[in-house]
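To start, the structure under review is shown below, and the notes come after it.
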Amino acid sequence: MARKKKPIDYINGLILNPKTEKLGRKLHELYKRWKKTLLLTDFMEFVETIEKNKAFIGLAQFFGKFRAYSLEEYIFCILQRKVKIPRNLDVYWGEKCLILDENAEKYGMEVDVAVGTKINEFIKPKLVVDAKIELDASRFKTTLASFVLIKNSFPETKCFLVYLKREIDETLLKLGKSWIDSYYCFNPEVDDVERFLKDVNACF
């Protein structure tokens, strides 16, 4: 697990500040609960509490990364605990996938979550998951560009997109179907978690 700053670090930072200690302790309890149950409803209560307290949490970048890394960790945890990962593969969080290996030149691109094998400092991916809290046109294009680069090097790699809130229409999503194998809404009203896990299991 390579992600250097994790949600628990943001929570601990809130606890250490007298002005946000109460909020930090509440988030810590919610965090421990979803980590134990892995229920989407518990995870969403945690995220919604972060969102409701944006004014206390602070800078937009701090707030945004706190939420984004939380979704990444949720995906990382359900893959670790709910998917039968083959012994020759592992789950990686925030590490670099190898997308160029030519003439002694190597280049890696950081991805949110991946399943694959690690060769030196890079992951050779079998599956890549991109996580977005809000999926708008700009964020969708970023995901699409990443998946194009990955599939250019590893055409058989499965590329999945997970989001909580969608702010683009179905037509734009369909335009990316050549590079995005499937997309999933992790919102209790839709709850694609089981479908996501079923599709991931089918990859191995």
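Going by the structure tokens order, chains are called A, B, ..., each with residues numbered from 1, while ligands are numbered from 1 in the order shown.
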With the cut-off set at 10 Å and counting only C-alpha atoms, tabulate each residue of range 136-179 of chain A with an atom at most that distance from an atom of range 52-72 of chain A, showing the nearest atom pair and its distance in Å to one decimal, ordered by chain and increasing number, as JSON lines.
{"residue": "A:Val162", "atom": "CA", "partner": "A:Leu71", "partner_atom": "CA", "distance": 8.9}
{"residue": "A:Tyr163", "atom": "CA", "partner": "A:Leu71", "partner_atom": "CA", "distance": 8.6}
{"residue": "A:Leu164", "atom": "CA", "partner": "A:Leu71", "partner_atom": "CA", "distance": 8.7}
**Prompt:** When DSSP works through the backbone of this structure, what residues of range 37-177 of chain A end up as strand (DSSP E or B), shown as a ChimeraX atom specification?
**Reply:** /A:90-93,96-102,105-110,113-119,122-135,158-166
Can those selected residues be exported to a file as a compact mmCIF listing (two decimals), in the first residue's frame so that it contains N, CA and C atoms?
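Result file follows (part_1.txt):
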# COMPACT_ATOMS: atom_id res chain seq x y z
N ASP A 90 -1.75 -9.16 -6.38
CA ASP A 90 -2.03 -8.45 -5.14
C ASP A 90 -2.81 -7.18 -5.45
N VAL A 91 -3.33 -6.54 -4.39
CA VAL A 91 -4.08 -5.29 -4.53
C VAL A 91 -3.17 -4.14 -4.12
N TYR A 92 -3.14 -3.08 -4.93
CA TYR A 92 -2.26 -1.95 -4.68
C TYR A 92 -3.07 -0.65 -4.68
N TRP A 93 -2.65 0.28 -3.82
CA TRP A 93 -3.38 1.53 -3.64
C TRP A 93 -2.42 2.70 -3.86
N LYS A 96 2.23 3.11 -8.93
CA LYS A 96 2.40 3.41 -10.35
C LYS A 96 2.32 2.14 -11.20
N CYS A 97 1.51 2.23 -12.26
CA CYS A 97 1.44 1.15 -13.25
C CYS A 97 2.44 1.44 -14.36
N LEU A 98 3.07 0.39 -14.83
CA LEU A 98 4.01 0.52 -15.94
C LEU A 98 3.24 0.74 -17.24
N ILE A 99 3.52 1.85 -17.92
CA ILE A 99 2.83 2.09 -19.20
C ILE A 99 3.82 2.28 -20.34
N LEU A 100 5.12 2.28 -20.03
CA LEU A 100 6.13 2.34 -21.08
C LEU A 100 7.35 1.55 -20.63
N ASP A 101 7.78 0.62 -21.47
CA ASP A 101 8.97 -0.18 -21.17
C ASP A 101 9.64 -0.50 -22.50
N GLU A 102 10.37 0.48 -23.02
CA GLU A 102 11.01 0.33 -24.33
C GLU A 102 12.44 0.87 -24.29
N GLU A 105 13.87 2.39 -21.35
CA GLU A 105 13.12 3.54 -20.84
C GLU A 105 11.82 3.05 -20.22
N LYS A 106 11.63 3.41 -18.96
CA LYS A 106 10.43 3.00 -18.24
C LYS A 106 9.67 4.21 -17.74
N TYR A 107 8.35 4.12 -17.80
CA TYR A 107 7.53 5.21 -17.26
C TYR A 107 6.31 4.60 -16.58
N GLY A 108 6.02 5.10 -15.38
CA GLY A 108 4.86 4.62 -14.64
C GLY A 108 3.88 5.73 -14.36
N MET A 109 2.61 5.39 -14.31
CA MET A 109 1.56 6.36 -14.02
C MET A 109 0.79 5.91 -12.78
N GLU A 110 0.64 6.83 -11.84
CA GLU A 110 -0.06 6.48 -10.61
C GLU A 110 -1.54 6.24 -10.89
N VAL A 113 -6.44 2.45 -7.64
CA VAL A 113 -6.36 1.09 -7.10
C VAL A 113 -6.08 0.14 -8.27
N ALA A 114 -5.23 -0.84 -8.04
CA ALA A 114 -4.90 -1.79 -9.10
C ALA A 114 -4.73 -3.19 -8.52
N VAL A 115 -5.01 -4.18 -9.35
CA VAL A 115 -4.70 -5.57 -9.04
C VAL A 115 -3.71 -6.03 -10.09
N GLY A 116 -2.59 -6.57 -9.64
CA GLY A 116 -1.59 -7.01 -10.59
C GLY A 116 -0.38 -7.58 -9.89
N THR A 117 0.74 -7.54 -10.58
CA THR A 117 2.00 -8.01 -10.01
C THR A 117 2.98 -6.85 -10.01
N LYS A 118 3.81 -6.80 -8.97
CA LYS A 118 4.77 -5.71 -8.86
C LYS A 118 6.12 -6.16 -9.39
N ILE A 119 6.62 -5.39 -10.35
CA ILE A 119 7.93 -5.65 -10.93
C ILE A 119 8.81 -4.45 -10.61
N PHE A 122 7.18 -0.81 -10.26
CA PHE A 122 5.97 -0.63 -11.05
C PHE A 122 5.03 -1.84 -10.98
N ILE A 123 3.74 -1.56 -11.17
CA ILE A 123 2.72 -2.60 -11.20
C ILE A 123 2.44 -2.99 -12.65
N LYS A 124 2.43 -4.27 -12.92
CA LYS A 124 1.91 -4.77 -14.20
C LYS A 124 0.45 -5.11 -13.94
N PRO A 125 -0.49 -4.30 -14.43
CA PRO A 125 -1.89 -4.41 -14.00
C PRO A 125 -2.71 -5.48 -14.72
N LYS A 126 -3.52 -6.14 -13.94
CA LYS A 126 -4.56 -7.02 -14.47
C LYS A 126 -5.90 -6.28 -14.44
N LEU A 127 -6.04 -5.41 -13.46
CA LEU A 127 -7.26 -4.62 -13.26
C LEU A 127 -6.86 -3.26 -12.69
N VAL A 128 -7.49 -2.21 -13.21
CA VAL A 128 -7.27 -0.85 -12.69
C VAL A 128 -8.64 -0.25 -12.38
N VAL A 129 -8.74 0.40 -11.22
CA VAL A 129 -9.98 1.06 -10.82
C VAL A 129 -9.70 2.54 -10.58
N ASP A 130 -10.45 3.39 -11.25
CA ASP A 130 -10.35 4.83 -11.03
C ASP A 130 -11.55 5.26 -10.19
N ALA A 131 -11.30 6.06 -9.16
CA ALA A 131 -12.36 6.46 -8.22
C ALA A 131 -12.63 7.95 -8.32
N LYS A 132 -13.90 8.31 -8.44
CA LYS A 132 -14.29 9.71 -8.51
C LYS A 132 -15.47 9.96 -7.57
N ILE A 133 -15.33 10.98 -6.70
CA ILE A 133 -16.46 11.35 -5.85
C ILE A 133 -17.56 11.93 -6.73
N GLU A 134 -17.24 13.01 -7.44
CA GLU A 134 -18.16 13.59 -8.41
C GLU A 134 -17.63 13.32 -9.81
N LEU A 135 -18.42 12.73 -10.64
CA LEU A 135 -18.01 12.43 -12.01
C LEU A 135 -18.62 13.47 -12.95
N LYS A 158 -8.36 -4.89 -17.46
CA LYS A 158 -9.72 -4.39 -17.25
C LYS A 158 -9.66 -3.05 -16.55
N CYS A 159 -10.40 -2.07 -17.06
CA CYS A 159 -10.41 -0.72 -16.51
C CYS A 159 -11.83 -0.38 -16.05
N PHE A 160 -12.00 -0.21 -14.75
CA PHE A 160 -13.31 0.08 -14.15
C PHE A 160 -13.31 1.48 -13.55
N LEU A 161 -14.44 2.14 -13.68
CA LEU A 161 -14.63 3.48 -13.11
C LEU A 161 -15.70 3.42 -12.03
N VAL A 162 -15.36 3.91 -10.83
CA VAL A 162 -16.30 3.95 -9.71
C VAL A 162 -16.54 5.41 -9.32
N TYR A 163 -17.79 5.77 -9.14
CA TYR A 163 -18.11 7.15 -8.73
C TYR A 163 -19.25 7.13 -7.71
N LEU A 164 -19.37 8.25 -6.98
CA LEU A 164 -20.47 8.40 -6.03
C LEU A 164 -21.60 9.24 -6.60
N LYS A 165 -21.25 10.30 -7.31
CA LYS A 165 -22.25 11.20 -7.85
C LYS A 165 -21.94 11.47 -9.32
N ARG A 166 -22.93 11.35 -10.18
CA ARG A 166 -22.71 11.55 -11.61
C ARG A 166 -23.28 12.87 -12.08
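Shortest atom-to-atom contact with Pro7 in chain A among A:Glu73, A:Trp34, A:Ile180, A:Gly94: A:Glu73, counting only C-alpha atoms.
Put simply, CA of Pro155 in chain A is 14.9 Å away from CA of Gly176 in chain A.
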**Fill in**
As a check of understanding: the span from CA of Thr37 in chain A to CA of Tyr10 in chain A is 21.0 Å
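Our summary of the geometry notes that CA of Leu16 in chain A is positioned 24.4 Å from CA of Ala2 in chain A.
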**Request:** Go through A:Leu40, A:Glu95, A:Lys82, A:Lys6 one by one, measure the shortest atom-to-atom distance of each to Cys185 in chain A using only C-alpha atoms, and give the residue with the smallest value.
**Result:**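 Using only C-alpha atoms, Cys185 in chain A sits closest to A:Leu40.
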**Message:** So that I can check the secondary structure, give me every residue of range 30-193 of chain A assigned alpha helix (DSSP H) by backbone DSSP, as number ranges by chain.
**Reply:** A: 30-37, 40-52, 54-57, 60-82, 137-153, 170-175, 193
**Which of A:Arg139, A:Lys26, A:Arg81, A:Lys36 sits closest to Leu197 in chain A [using only C-alpha atoms]** =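 For Leu197 in chain A, the nearest of the given residues is A:Arg81.
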**Request:** Find the residues near Glu29 in chain A: any atom within 12 Å, counting only C-alpha atoms, skip ones fewer than 3 places away on the same chain, and give them as a list in words.
**Result:** Ile8, Ile11, Asn12, Ile15, Lys22, Leu23, Gly24, Arg25, Lys26, Lys32, Arg33, Trp34, Lys35, Lys36, Asp42, Phe43, Glu45, Phe46 and Thr49 of chain A
